[in-house]
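Peer 1: My file is target.cif. It has mmCIF, C-alpha atoms and all ligand atoms:
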data_start
loop_
_atom_site.label_atom_id
_atom_site.label_comp_id
_atom_site.auth_asym_id
_atom_site.auth_seq_id
_atom_site.Cartn_x
_atom_site.Cartn_y
_atom_site.Cartn_z
CA MET A 1010 17.53 -14.12 -17.12
CA LEU A 1011 17.04 -10.41 -17.59
CA SER A 1012 19.45 -8.00 -19.22
CA ASP A 1013 20.79 -4.98 -17.36
CA GLU A 1014 18.60 -2.79 -19.52
CA GLN A 1015 15.41 -4.74 -18.69
CA ASN A 1016 16.30 -4.68 -15.00
CA ARG A 1017 16.66 -0.91 -15.15
CA ARG A 1018 13.39 -0.55 -17.05
CA LEU A 1019 11.53 -2.56 -14.40
CA THR A 1020 12.89 -0.67 -11.44
CA GLN A 1021 13.36 3.03 -12.22
CA VAL A 1022 10.42 5.13 -11.04
CA GLY A 1023 11.40 8.72 -11.84
CA ALA A 1024 9.32 10.88 -14.20
CA GLY A 1025 10.20 10.13 -17.80
CA THR A 1026 11.29 6.53 -17.17
CA PRO A 1027 9.09 3.79 -18.70
CA MET A 1028 7.95 2.33 -15.36
CA GLY A 1029 7.78 5.77 -13.73
CA GLU A 1030 5.32 6.83 -16.42
CA LEU A 1031 3.29 3.61 -16.12
CA LEU A 1032 3.01 3.97 -12.32
CA ARG A 1033 1.92 7.59 -12.72
CA ARG A 1034 -1.32 6.32 -14.30
CA TYR A 1035 -2.53 5.00 -10.93
CA TRP A 1036 -3.55 6.50 -7.58
CA MET A 1037 -1.06 5.70 -4.83
CA PRO A 1038 -1.89 5.57 -1.09
CA ILE A 1039 0.46 7.97 0.71
CA ALA A 1040 -1.02 8.60 4.16
CA ALA A 1041 -3.91 7.85 6.49
CA VAL A 1042 -6.73 10.37 6.67
CA ALA A 1043 -6.26 10.41 10.46
CA GLU A 1044 -2.61 11.41 10.10
CA LEU A 1045 -3.58 14.97 9.24
CA ASP A 1046 -5.65 15.17 12.44
CA ASP A 1047 -2.40 14.63 14.31
CA LYS A 1048 -0.13 16.92 12.30
CA ALA A 1049 -0.83 19.75 9.87
CA THR A 1050 1.60 18.74 7.13
CA LYS A 1051 3.28 15.52 6.11
CA PRO A 1052 6.46 15.42 4.03
CA VAL A 1053 6.00 12.81 1.31
CA ARG A 1054 8.49 11.34 -1.12
CA LEU A 1055 6.69 9.54 -3.93
CA LEU A 1056 8.06 8.20 -7.23
CA GLY A 1057 11.26 10.13 -6.61
CA GLU A 1058 9.47 13.46 -6.06
CA ASP A 1059 9.67 15.42 -2.81
CA LEU A 1060 6.24 16.72 -1.86
CA VAL A 1061 4.23 18.02 1.06
CA LEU A 1062 0.72 16.86 1.98
CA TYR A 1063 -1.73 18.99 3.99
CA ARG A 1064 -5.44 19.63 4.51
CA ASP A 1065 -6.65 23.22 4.33
CA HIS A 1066 -9.32 24.76 6.54
CA ALA A 1067 -12.02 24.05 3.96
CA GLY A 1068 -11.13 20.35 4.26
CA THR A 1069 -9.46 20.15 0.82
CA TYR A 1070 -6.27 18.13 0.56
CA GLY A 1071 -3.20 19.53 -1.16
CA LEU A 1072 -0.03 17.83 -2.37
CA LEU A 1073 2.58 20.38 -3.42
CA ASP A 1074 6.23 20.50 -4.33
CA ARG A 1075 8.13 20.23 -1.03
CA HIS A 1076 10.16 23.27 -2.04
CA CYS A 1077 8.52 26.68 -2.19
CA ALA A 1078 8.60 28.17 -5.68
CA HIS A 1079 9.98 31.43 -4.26
CA ARG A 1080 13.39 30.42 -2.91
CA ARG A 1081 12.89 26.73 -2.25
CA ALA A 1082 12.25 26.55 1.51
CA ASP A 1083 10.78 23.27 2.81
CA LEU A 1084 7.00 23.70 2.82
CA SER A 1085 6.47 20.86 5.29
CA TYR A 1086 7.49 23.52 7.85
CA GLY A 1087 4.82 25.85 6.53
CA TRP A 1088 1.42 26.30 8.13
CA VAL A 1089 -2.13 25.97 6.91
CA GLU A 1090 -4.10 29.20 6.63
CA GLY A 1091 -7.58 29.38 5.15
CA CYS A 1092 -7.48 27.74 1.74
CA GLY A 1093 -3.71 27.50 1.47
CA LEU A 1094 -0.33 26.57 2.85
CA ARG A 1095 1.86 29.49 3.97
CA CYS A 1096 5.63 29.22 3.60
CA HIS A 1097 7.52 29.87 6.84
CA TYR A 1098 10.35 31.71 5.03
CA HIS A 1099 8.72 34.81 3.46
CA GLY A 1100 5.04 34.04 3.90
CA TRP A 1101 3.93 33.24 0.36
CA VAL A 1102 0.69 31.24 0.31
CA TRP A 1103 -0.10 28.38 -2.13
CA ASP A 1104 -3.38 26.62 -2.73
CA HIS A 1105 -4.04 22.97 -3.62
CA THR A 1106 -4.15 23.74 -7.35
CA GLY A 1107 -0.65 25.28 -7.27
CA LYS A 1108 -1.89 28.85 -7.45
CA CYS A 1109 -0.09 31.57 -5.47
CA LEU A 1110 -2.64 33.34 -3.23
CA GLU A 1111 -0.37 35.77 -1.40
CA GLN A 1112 3.10 37.30 -1.58
CA PRO A 1113 3.08 39.67 1.39
CA PHE A 1114 6.01 41.98 0.58
CA GLU A 1115 5.44 41.98 -3.20
CA GLU A 1116 1.88 43.16 -2.59
CA VAL A 1117 3.15 46.06 -0.45
CA ALA A 1118 6.06 47.01 -2.71
CA ASN A 1119 4.45 46.60 -6.11
CA PRO A 1120 0.78 45.65 -5.94
CA GLU A 1121 0.03 46.51 -9.58
CA ALA A 1122 2.58 43.98 -10.82
CA ARG A 1123 0.43 41.08 -9.56
CA PHE A 1124 3.53 38.90 -9.58
CA LYS A 1125 1.56 36.16 -7.80
CA ASP A 1126 -0.50 35.56 -10.95
CA ARG A 1127 2.68 34.63 -12.81
CA VAL A 1128 4.11 32.03 -10.44
CA ARG A 1129 2.84 28.53 -9.76
CA ILE A 1130 3.97 25.56 -7.73
CA LYS A 1131 3.74 21.90 -8.74
CA ALA A 1132 0.48 20.47 -7.34
CA TYR A 1133 -1.14 17.03 -7.54
CA PRO A 1134 -4.68 15.89 -6.73
CA VAL A 1135 -5.41 14.00 -3.51
CA GLU A 1136 -8.50 12.02 -2.58
CA ALA A 1137 -9.64 10.30 0.59
CA LYS A 1138 -11.02 6.77 0.43
CA ALA A 1139 -11.17 3.88 2.92
CA GLY A 1140 -9.28 5.88 5.55
CA LEU A 1141 -6.39 6.46 3.16
CA LEU A 1142 -5.22 9.51 1.24
CA TRP A 1143 -4.43 8.78 -2.39
CA ALA A 1144 -2.26 10.81 -4.75
CA TYR A 1145 -2.25 10.89 -8.55
CA LEU A 1146 0.92 12.11 -10.26
CA GLY A 1147 -0.08 11.36 -13.84
CA PRO A 1148 -1.49 13.38 -16.71
CA PRO A 1149 -5.09 14.63 -16.52
CA PRO A 1150 -7.81 13.58 -16.53
CA ALA A 1151 -7.21 11.54 -13.38
CA PRO A 1152 -9.04 8.20 -13.29
CA LEU A 1153 -11.20 7.19 -10.30
CA VAL A 1154 -9.70 5.99 -7.04
CA PRO A 1155 -10.72 2.32 -7.11
CA THR A 1156 -13.47 1.29 -4.72
CA TRP A 1157 -12.20 -2.22 -4.07
CA GLU A 1158 -14.95 -4.42 -2.69
CA PRO A 1159 -13.60 -4.58 0.91
CA PHE A 1160 -13.85 -0.76 1.09
CA THR A 1161 -17.65 -1.24 1.00
CA TRP A 1162 -17.82 -3.85 3.75
CA ARG A 1163 -19.39 -3.01 7.10
CA ASN A 1164 -18.88 -4.23 10.64
CA GLY A 1165 -15.13 -4.57 10.40
CA PHE A 1166 -12.27 -3.22 12.45
CA VAL A 1167 -9.94 -1.56 9.95
CA GLN A 1168 -6.38 -0.45 10.67
CA ILE A 1169 -3.69 0.99 8.43
CA VAL A 1170 -0.01 0.20 8.97
CA PHE A 1171 2.97 1.86 7.31
CA SER A 1172 6.58 0.68 7.12
CA GLU A 1173 9.47 2.16 5.19
CA VAL A 1174 11.48 -0.54 3.49
CA PRO A 1175 14.88 0.33 2.01
CA CYS A 1176 14.65 -1.42 -1.35
CA ASN A 1177 13.07 -1.04 -4.78
CA TRP A 1178 9.28 -1.51 -4.93
CA PHE A 1179 9.30 -4.04 -7.76
CA GLN A 1180 11.07 -6.86 -5.93
CA CYS A 1181 8.37 -6.41 -3.25
CA GLN A 1182 5.63 -6.68 -5.86
CA GLU A 1183 7.25 -9.81 -7.31
CA ASN A 1184 6.54 -11.35 -3.92
CA SER A 1185 2.81 -10.72 -4.54
CA ILE A 1186 2.84 -13.49 -7.13
CA ASP A 1187 5.08 -15.97 -5.33
CA PRO A 1188 2.97 -18.59 -3.53
CA VAL A 1189 5.83 -20.94 -2.65
CA HIS A 1190 7.64 -18.41 -0.47
CA PHE A 1191 4.79 -18.68 2.03
CA GLU A 1192 5.69 -22.24 2.98
CA TRP A 1193 9.35 -21.34 3.56
CA LEU A 1194 9.64 -17.69 4.55
CA HIS A 1195 6.62 -17.78 6.86
CA GLY A 1196 5.92 -21.45 7.65
CA ASN A 1197 9.24 -23.18 7.98
CA TRP A 1198 11.29 -20.18 8.99
CA THR A 1199 8.87 -19.19 11.79
CA ARG A 1200 9.04 -22.76 13.06
CA VAL A 1201 12.84 -22.65 13.07
CA LEU A 1202 12.86 -19.23 14.76
CA GLN A 1203 10.60 -20.64 17.46
CA GLY A 1204 12.79 -23.64 18.13
CA ASP A 1205 11.39 -26.24 15.70
CA LYS A 1206 8.19 -26.71 17.67
CA GLY A 1207 4.91 -27.91 16.15
CA PRO A 1208 4.08 -29.62 12.86
CA LYS A 1209 5.81 -28.79 9.59
CA PRO A 1210 3.75 -26.62 7.22
CA PRO A 1211 2.13 -28.42 4.29
CA THR A 1212 4.17 -28.58 1.08
CA HIS A 1213 3.02 -26.95 -2.15
CA LEU A 1214 2.02 -29.67 -4.63
CA LYS A 1215 0.80 -27.51 -7.47
CA ILE A 1216 0.61 -23.80 -8.35
CA GLY A 1217 -1.20 -21.89 -11.08
CA PHE A 1218 -1.30 -18.32 -12.37
CA GLU A 1219 -3.81 -16.46 -14.44
CA GLU A 1220 -4.16 -12.88 -15.55
CA PHE A 1221 -7.45 -11.00 -15.12
CA GLU A 1222 -8.67 -7.44 -15.52
CA TYR A 1223 -7.19 -6.11 -12.27
CA GLY A 1224 -4.04 -8.17 -11.99
CA PHE A 1225 -3.17 -11.83 -11.58
CA VAL A 1226 -4.63 -14.66 -9.56
CA TYR A 1227 -2.35 -17.26 -8.07
CA ARG A 1228 -3.58 -20.63 -6.99
CA ARG A 1229 -2.07 -23.43 -4.95
CA VAL A 1230 -2.78 -26.98 -3.90
CA LEU A 1231 -1.18 -27.79 -0.57
CA GLU A 1232 -0.45 -31.22 0.85
CA GLY A 1233 -3.72 -32.48 2.36
CA GLN A 1234 -5.87 -30.29 0.07
CA SER A 1235 -7.25 -30.65 -3.42
CA GLU A 1236 -8.31 -28.64 -6.43
CA SER A 1237 -11.72 -28.19 -4.83
CA ASP A 1238 -10.27 -26.06 -2.04
CA GLU A 1239 -10.68 -22.28 -2.38
CA LEU A 1240 -6.91 -21.79 -2.40
CA TRP A 1241 -7.17 -23.36 -5.86
CA THR A 1242 -10.70 -22.49 -7.03
CA VAL A 1243 -10.59 -18.83 -5.96
CA GLY A 1244 -6.93 -18.13 -5.27
CA ARG A 1245 -5.34 -14.92 -4.12
CA THR A 1246 -4.71 -11.71 -5.99
CA CYS A 1247 -1.61 -9.93 -7.16
CA LEU A 1248 -3.36 -6.62 -7.68
CA TRP A 1249 -2.14 -4.46 -10.53
CA PRO A 1250 0.17 -2.61 -10.46
CA ASN A 1251 1.66 -2.63 -6.93
CA CYS A 1252 -0.44 -4.51 -4.40
CA LEU A 1253 -1.09 -7.88 -2.84
CA PHE A 1254 -4.70 -8.64 -1.90
CA THR A 1255 -5.35 -11.67 0.29
CA GLY A 1256 -9.08 -11.25 0.94
CA GLY A 1257 -8.81 -9.70 4.39
CA HIS A 1258 -6.06 -7.24 3.67
CA PHE A 1259 -4.21 -5.20 1.06
CA GLU A 1260 -0.48 -4.54 0.98
CA TRP A 1261 0.55 -1.76 -1.36
CA ARG A 1262 4.20 -1.43 -2.29
CA VAL A 1263 4.39 2.32 -2.93
CA PRO A 1264 7.59 3.49 -4.61
CA ILE A 1265 9.29 6.27 -2.63
CA ASP A 1266 12.18 6.31 -5.10
CA ASP A 1267 14.34 3.73 -6.88
CA GLU A 1268 15.74 2.34 -3.63
CA ASN A 1269 12.96 2.83 -1.07
CA MET A 1270 9.38 1.61 -0.74
CA LEU A 1271 6.51 2.58 1.54
CA SER A 1272 4.57 -0.50 2.60
CA VAL A 1273 0.93 0.42 3.18
CA GLY A 1274 -1.17 -2.27 4.82
CA TRP A 1275 -4.98 -2.03 5.10
CA PHE A 1276 -6.41 -4.72 7.37
CA PHE A 1277 -10.07 -5.66 7.80
CA ASP A 1278 -11.13 -7.83 10.73
CA ARG A 1279 -14.82 -8.76 10.70
CA VAL A 1280 -16.45 -8.40 14.12
CA PRO A 1281 -18.64 -11.29 15.35
CA ASN A 1282 -22.38 -10.94 14.78
CA GLU A 1283 -22.91 -10.35 18.50
CA MET A 1284 -20.87 -7.13 18.25
CA GLU A 1285 -22.86 -5.64 15.36
CA PRO A 1286 -23.46 -2.92 14.45
CA PHE A 1287 -19.86 -1.78 14.61
CA THR A 1288 -18.62 1.44 13.05
CA GLN A 1289 -15.40 3.44 13.28
CA ASP A 1290 -15.46 7.22 13.27
CA ARG A 1291 -11.70 7.23 12.68
CA ILE A 1292 -9.65 4.52 11.05
CA PRO A 1293 -6.52 4.11 13.17
CA TYR A 1294 -3.04 4.03 11.67
CA TRP A 1295 0.42 3.27 12.97
CA TYR A 1296 4.02 3.03 11.81
CA SER A 1297 5.75 -0.30 12.26
CA PRO A 1298 9.53 -0.43 12.83
CA ILE A 1299 11.59 -2.83 10.74
CA THR A 1300 14.91 -2.98 12.64
CA GLU A 1301 15.65 -4.27 16.12
CA ALA A 1302 16.86 -1.33 18.19
CA ARG A 1303 19.37 -3.45 20.13
CA THR A 1304 21.15 -5.25 17.28
CA GLY A 1305 20.34 -3.19 14.20
CA ARG A 1306 19.19 -6.44 12.48
CA TRP A 1307 15.87 -6.73 10.68
CA ILE A 1308 12.87 -7.81 12.77
CA THR A 1309 11.84 -11.40 11.90
CA THR A 1310 8.91 -12.12 14.21
CA HIS A 1311 5.87 -11.11 12.11
CA VAL A 1312 4.63 -12.17 8.67
CA MET A 1313 5.27 -8.97 6.75
CA ASN A 1314 8.51 -8.33 8.63
CA GLN A 1315 9.70 -11.68 7.27
CA ASP A 1316 8.76 -10.51 3.78
CA PHE A 1317 10.76 -7.30 4.34
CA VAL A 1318 13.82 -9.33 5.36
CA ALA A 1319 13.63 -11.27 2.08
CA TRP A 1320 13.19 -8.12 -0.01
CA VAL A 1321 15.93 -5.98 1.51
CA GLY A 1322 18.13 -9.07 1.44
CA GLN A 1323 17.91 -9.00 -2.37
CA GLY A 1324 19.77 -5.68 -2.26
CA ALA A 1325 18.43 -2.15 -2.64
CA LEU A 1326 17.92 -3.02 -6.32
CA SER A 1327 17.83 -6.75 -6.93
CA ASP A 1328 20.27 -7.75 -9.68
CA ARG A 1329 18.04 -9.84 -11.92
CA THR A 1330 20.90 -10.61 -14.30
CA GLN A 1331 22.21 -13.04 -11.65
CA GLU A 1332 19.04 -15.07 -11.05
CA HIS A 1333 18.19 -18.69 -11.87
CA LEU A 1334 14.43 -18.94 -12.22
CA GLY A 1335 12.46 -22.16 -11.90
CA GLU A 1336 8.88 -23.42 -12.04
CA SER A 1337 7.99 -21.53 -8.86
CA ASP A 1338 8.74 -18.26 -10.67
CA ARG A 1339 6.28 -18.58 -13.55
CA GLY A 1340 4.06 -15.89 -12.07
CA VAL A 1341 6.99 -13.52 -11.59
CA LEU A 1342 7.89 -13.94 -15.26
CA MET A 1343 4.30 -13.30 -16.37
CA MET A 1344 4.16 -10.13 -14.35
CA ARG A 1345 7.53 -8.78 -15.53
CA LYS A 1346 6.51 -9.37 -19.14
CA ARG A 1347 3.20 -7.57 -18.67
CA MET A 1348 4.85 -4.64 -16.82
CA LEU A 1349 7.36 -4.05 -19.62
CA GLU A 1350 4.66 -4.37 -22.25
CA GLN A 1351 2.31 -1.97 -20.41
CA ALA A 1352 5.14 0.55 -19.93
CA GLU A 1353 5.65 0.48 -23.71
CA LEU A 1354 1.93 0.93 -24.25
CA VAL A 1355 1.96 4.06 -22.07
CA ALA A 1356 5.03 5.36 -23.91
CA ARG A 1357 3.02 5.03 -27.14
CA GLY A 1358 0.18 7.06 -25.59
CA GLY A 1359 -2.12 4.14 -24.70
CA GLU A 1360 -4.21 3.55 -21.58
CA PRO A 1361 -2.78 0.76 -19.42
CA LYS A 1362 -4.73 -1.99 -17.69
CA ALA A 1363 -6.85 -1.58 -14.54
CA VAL A 1364 -7.38 2.17 -14.92
CA ILE A 1365 -10.97 2.74 -13.79
CA ARG A 1366 -12.92 5.66 -15.27
CA ASP A 1367 -16.50 4.40 -15.25
CA PRO A 1368 -18.38 5.34 -12.03
CA ALA A 1369 -20.75 2.39 -12.46
CA GLU A 1370 -17.81 -0.03 -12.62
CA ASN A 1371 -16.30 1.71 -9.60
CA ALA A 1372 -19.34 1.45 -7.34
CA CYS A 1373 -17.81 -1.77 -6.00
CA VAL A 1374 -14.95 -3.50 -7.81
CA ARG A 1375 -15.14 -7.19 -7.03
CA LEU A 1376 -11.99 -9.26 -6.62
CA PRO A 1377 -11.44 -12.98 -6.00
CA ILE A 1378 -12.01 -13.44 -2.25
CA ILE A 1379 -11.61 -16.66 -0.32
CA GLY A 1380 -14.38 -16.87 2.28
CA ARG A 1381 -16.31 -13.84 1.04
CA GLU A 1382 -19.43 -14.86 3.02
CA TYR A 1383 -17.42 -14.67 6.24
CA PHE A 1384 -16.32 -11.10 5.53
CA VAL A 1385 -19.78 -9.98 4.43
CA GLY A 1386 -22.11 -11.93 6.71
CA GLY A 1387 -19.82 -12.44 9.66
CA TYR A 1388 -19.89 -15.30 12.13
CA SER A 1389 -21.13 -15.97 15.61
CA ARG A 1390 -18.76 -15.96 18.53
CA ALA A 1391 -19.39 -19.65 19.06
CA ASN A 1392 -17.63 -20.20 15.73
CA SER A 1393 -14.92 -17.67 16.34
CA ASP A 1394 -12.05 -20.11 15.89
CA LYS A 1395 -13.07 -20.36 12.24
CA ARG A 1396 -12.84 -16.59 12.22
CA ARG A 1397 -10.48 -16.01 9.42
CA GLU A 1398 -9.47 -18.18 6.50
CA ARG A 1399 -5.72 -18.24 6.39
CA THR A 1400 -3.29 -20.23 4.32
CA PRO A 1401 -2.42 -23.32 6.37
CA GLY A 1402 1.11 -23.63 7.61
CA LEU A 1403 1.53 -20.49 9.64
CA VAL A 1404 2.30 -20.70 13.33
CA GLN A 1405 -0.51 -18.65 14.87
CA ARG A 1406 0.36 -15.63 16.97
CA LYS A 1407 -1.85 -14.19 19.67
CA ASP A 1408 -1.04 -10.58 18.81
CA PHE A 1409 -1.48 -8.79 15.46
CA PRO A 1410 0.30 -11.31 13.24
CA PHE A 1411 1.41 -9.19 10.29
CA LEU A 1412 3.63 -6.43 11.65
CA THR A 1413 5.45 -5.68 14.85
CA GLY A 1414 4.83 -2.77 17.18
CA GLN A 1415 1.05 -2.34 17.25
CA PRO A 1416 0.30 0.46 19.74
CA GLU A 1417 -1.47 -0.63 22.91
CA GLU A 1418 -4.49 1.63 22.35
CA ILE A 1419 -5.12 0.07 18.93
CA ARG A 1420 -4.71 -3.42 20.36
CA GLN A 1421 -7.32 -2.57 22.97
CA ALA A 1422 -9.70 -0.96 20.48
CA PHE A 1423 -9.42 -4.13 18.38
CA ARG A 1424 -10.19 -6.35 21.37
CA ARG A 1425 -13.18 -4.22 22.30
CA ALA A 1426 -14.49 -4.32 18.73
CA MET A 1427 -14.17 -8.10 18.58
CA GLY A 1428 -15.72 -8.55 22.04
CA LEU A 1429 -12.62 -10.39 23.20
CA ASP A 1430 -12.64 -8.97 26.71
CA THR A 1431 -16.29 -9.58 27.46
CA GLU A 1432 -17.95 -12.83 28.45
CA VAL A 1433 -20.59 -14.34 26.21
CA SER A 1434 -23.79 -14.56 28.19
S1 LIG B 1501 10.97 30.55 0.09
FE1 LIG B 1501 8.87 30.38 0.48
S2 LIG B 1501 8.21 32.37 0.69
FE2 LIG B 1501 10.29 32.59 0.30
FE FE B 1502 4.99 -13.22 2.40
#
Show the structure stored in the file as structure tokens.
Ligand code: FES
Ligand SMILES: [Fe+2]
Peer 2:
Amino acid sequence: MLSDEQNRRLTQVGAGTPMGELLRRYWMPIAAVAELDDKATKPVRLLGEDLVLYRDHAGTYGLLDRHCAHRRADLSYGWVEGCGLRCHYHGWVWDHTGKCLEQPFEEVANPEARFKDRVRIKAYPVEAKAGLLWAYLGPPPAPLVPTWEPFTWRNGFVQIVFSEVPCNWFQCQENSIDPVHFEWLHGNWTRVLQGDKGPKPPTHLKIGFEEFEYGFVYRRVLEGQSESDELWTVGRTCLWPNCLFTGGHFEWRVPIDDENMLSVGWFFDRVPNEMEPFTQDRIPYWYSPITEARTGRWITTHVMNQDFVAWVGQGALSDRTQEHLGESDRGVLMMRKRMLEQAELVARGGEPKAVIRDPAENACVRLPIIGREYFVGGYSRANSDKRRERTPGLVQRKDFPFLTGQPEEIRQAFRRAMGLDTEVS
């Protein structure tokens, strides 16, 4: 059982808090690259800070304080001009480094004063990778944005899905090291929701956890399987500090503030060999709703929606002083311990785990991946039912299984990429 103080330490994300400082050592995904094709600015709340994201006309990304340093107007209503963002209130212009480029009336009234050289706005670096925009809120020098192995794969249909979930990020990340929930929250519950049809999902017989350089691996032996199955020999990854990696997709739990989390999903579907070569000039993104419009209840139909229901059900900030942990929670305990210890390390001025600074290491960061040869080499359409290794026990859906509300044009682009609407000759 945790004390109140430990619970607070694990969950607060503001600047100056132990976990807030630890999380500021890592790049966080905050938007899709394609989002800024559709709108010039995006208001962002990250780690309790209100910011605005934009791309200037030179193609450089900026992430500034949401509030103009003049008299605090909301810069997400500003507009991009040349190499800066112009405030809609009095026309001051800021660049991506936080420098003030123009102060129209000050330059007329008192040009010699060069007041603009003496004001700055808070600015953070942004980088594009894998169709995502990443922000770094920590002290310089910024580390590298990790090139996780799937970001280097070819011939896949990638899509990015965002959902805003009204609870603390850490209870979501605890789910990334919780194999047993799968059998119940996804397997059994889906079966019940669908009227108890079909076979029961296999029971977990054994679970194991192990720390490695980039996080933790969790392993499982399910009824009908053995320790020679990849679910045990390879396992799945709880990626440090705030992500779940299953092999085919990533789920980042990005802290908006203490009581809200942005779920960022990055999904890779390998196209069949017959559809190669396949490339995307734009990685599509969409926002998935989490409540049913009619009833106001949480949506329960899709895998990650079911996760969201569990997480928000724990309360905006789960009260860990009231828990009763068992054998299934060994991984959760390991991760909490390491988080608190790493937060202390940062407070003492140390470099925490999984910060990547070496370009050679970052050329392609390998992770444990079940069925790697499938993702890399692909498969022929004749074998398409073996298309994706999944954990047994899930009732299969015909549509995108993870989140509700996939737009029709993305569904169609996916079907075209996979060759699902064309006959095999
Ligand atoms: S508040 Fe932005 S220019 Fe005045
Ligand atoms: Fe889950």
Peer 1: Which chains and residue numbers are within 10 Å of ligand LIG 1501 (chain B), counting all atoms listed in the file, if I want them as a list in words?
Peer 2: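 Based on all atoms listed in the file, ligand LIG 1501 (chain B) is surrounded within 10 Å by His1076, Cys1077, Ala1078, His1079, Arg1080, Arg1081, Ala1082, Asp1083, Leu1084, Gly1087, Arg1095, Cys1096, His1097, Tyr1098, His1099, Gly1100, Trp1101, Val1102, Trp1103, Glu1111, Gln1112, Pro1113 and Phe1114 of chain A.
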Peer 1: Convert the current residue selection to file output with C-alpha atoms, as a PDB file, in the coordinates of the input.
Peer 2:
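After the write, again-v7.pdb holds the following:
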ATOM      1  CA  HIS A1076      10.160  23.270  -2.040  1.00  0.00           C
ATOM      2  CA  CYS A1077       8.520  26.680  -2.190  1.00  0.00           C
ATOM      3  CA  ALA A1078       8.600  28.170  -5.680  1.00  0.00           C
ATOM      4  CA  HIS A1079       9.980  31.430  -4.260  1.00  0.00           C
ATOM      5  CA  ARG A1080      13.390  30.420  -2.910  1.00  0.00           C
ATOM      6  CA  ARG A1081      12.890  26.730  -2.250  1.00  0.00           C
ATOM      7  CA  ALA A1082      12.250  26.550   1.510  1.00  0.00           C
ATOM      8  CA  ASP A1083      10.780  23.270   2.810  1.00  0.00           C
ATOM      9  CA  LEU A1084       7.000  23.700   2.820  1.00  0.00           C
ATOM     10  CA  GLY A1087       4.820  25.850   6.530  1.00  0.00           C
ATOM     11  CA  ARG A1095       1.860  29.490   3.970  1.00  0.00           C
ATOM     12  CA  CYS A1096       5.630  29.220   3.600  1.00  0.00           C
ATOM     13  CA  HIS A1097       7.520  29.870   6.840  1.00  0.00           C
ATOM     14  CA  TYR A1098      10.350  31.710   5.030  1.00  0.00           C
ATOM     15  CA  HIS A1099       8.720  34.810   3.460  1.00  0.00           C
ATOM     16  CA  GLY A1100       5.040  34.040   3.900  1.00  0.00           C
ATOM     17  CA  TRP A1101       3.930  33.240   0.360  1.00  0.00           C
ATOM     18  CA  VAL A1102       0.690  31.240   0.310  1.00  0.00           C
ATOM     19  CA  TRP A1103      -0.100  28.380  -2.130  1.00  0.00           C
ATOM     20  CA  GLU A1111      -0.370  35.770  -1.400  1.00  0.00           C
ATOM     21  CA  GLN A1112       3.100  37.300  -1.580  1.00  0.00           C
ATOM     22  CA  PRO A1113       3.080  39.670   1.390  1.00  0.00           C
ATOM     23  CA  PHE A1114       6.010  41.980   0.580  1.00  0.00           C
TER      24      PHE A1114
END
Peer 1: Dump the neighbourhood of ligand FE 1502 (chain B) as a PyMOL selection string: all residues within 7 Å, distances computed on all atoms listed in the file.
Peer 2: chain A and resi 1184+1190-1191+1194-1195+1312-1313+1315-1316
Peer 1: Would you output that residue set with C-alpha atoms, as a PDB file, in the frame of the given file?
Peer 2:
ATOM      1  CA  ASN A1184       6.540 -11.350  -3.920  1.00  0.00           C
ATOM      2  CA  HIS A1190       7.640 -18.410  -0.470  1.00  0.00           C
ATOM      3  CA  PHE A1191       4.790 -18.680   2.030  1.00  0.00           C
ATOM      4  CA  LEU A1194       9.640 -17.690   4.550  1.00  0.00           C
ATOM      5  CA  HIS A1195       6.620 -17.780   6.860  1.00  0.00           C
ATOM      6  CA  VAL A1312       4.630 -12.170   8.670  1.00  0.00           C
ATOM      7  CA  MET A1313       5.270  -8.970   6.750  1.00  0.00           C
ATOM      8  CA  GLN A1315       9.700 -11.680   7.270  1.00  0.00           C
ATOM      9  CA  ASP A1316       8.760 -10.510   3.780  1.00  0.00           C
TER      10      ASP A1316
END
Peer 1: Applying 9 Å and all atoms listed in the file, which residues near Gly1340 of chain A remain after dropping the ones on its own chain fewer than 3 positions away? List them as a ChimeraX atom specification.
Peer 2: /A:1183,1186-1187,1217-1219,1225,1227,1336-1337,1343-1345
Peer 1: Point out the residue among A:Glu1417, A:Met1037, A:Pro1286, A:Ser1012 with the least atom-to-atom distance to Asn1164 of chain A, counting all atoms listed in the file.
Peer 2: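 The answer is A:Pro1286, which sits nearest to Asn1164 of chain A.
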Peer 1: Skipping near chain neighbours, those fewer than 2 positions away, what residues fall within 10 Å of Leu1349 of chain A using all atoms listed in the file, listed as a count of residues only?
Peer 2: 14
Peer 1: Could you give me, as a count of residues only, the residues that sit within 6 Å of (5.5, 21.9, -3.9) in the file's coordinates, counting all atoms listed in the file?
Peer 2: 8
Peer 1: For Gly1386 of chain A, which residue among A:Asp1408, A:Glu1301, A:Asp1267, A:Glu1283 is the nearest when counting all atoms listed in the file?
Peer 2: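 Ranking A:Asp1408, A:Glu1301, A:Asp1267, A:Glu1283 by distance to Gly1386 of chain A, first place goes to A:Glu1283.
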Peer 1: Let me make sure I understand: among A:Thr1310, A:Asn1392, A:Arg1406, A:Trp1143, which one has the smallest atom-to-atom distance to Val1201 of chain A if we use all atoms listed in the file?
Peer 2: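 When distances to Val1201 of chain A are compared using all atoms listed in the file, the smallest one comes from A:Thr1310.
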Peer 1: Scan for residues within 9 Å of the point (-2.1, 16.4, -11.1) in the coordinates of the file, using all atoms listed in the file, and reply as number ranges by chain.
Peer 2: A: 1106, 1131-1135, 1144-1151
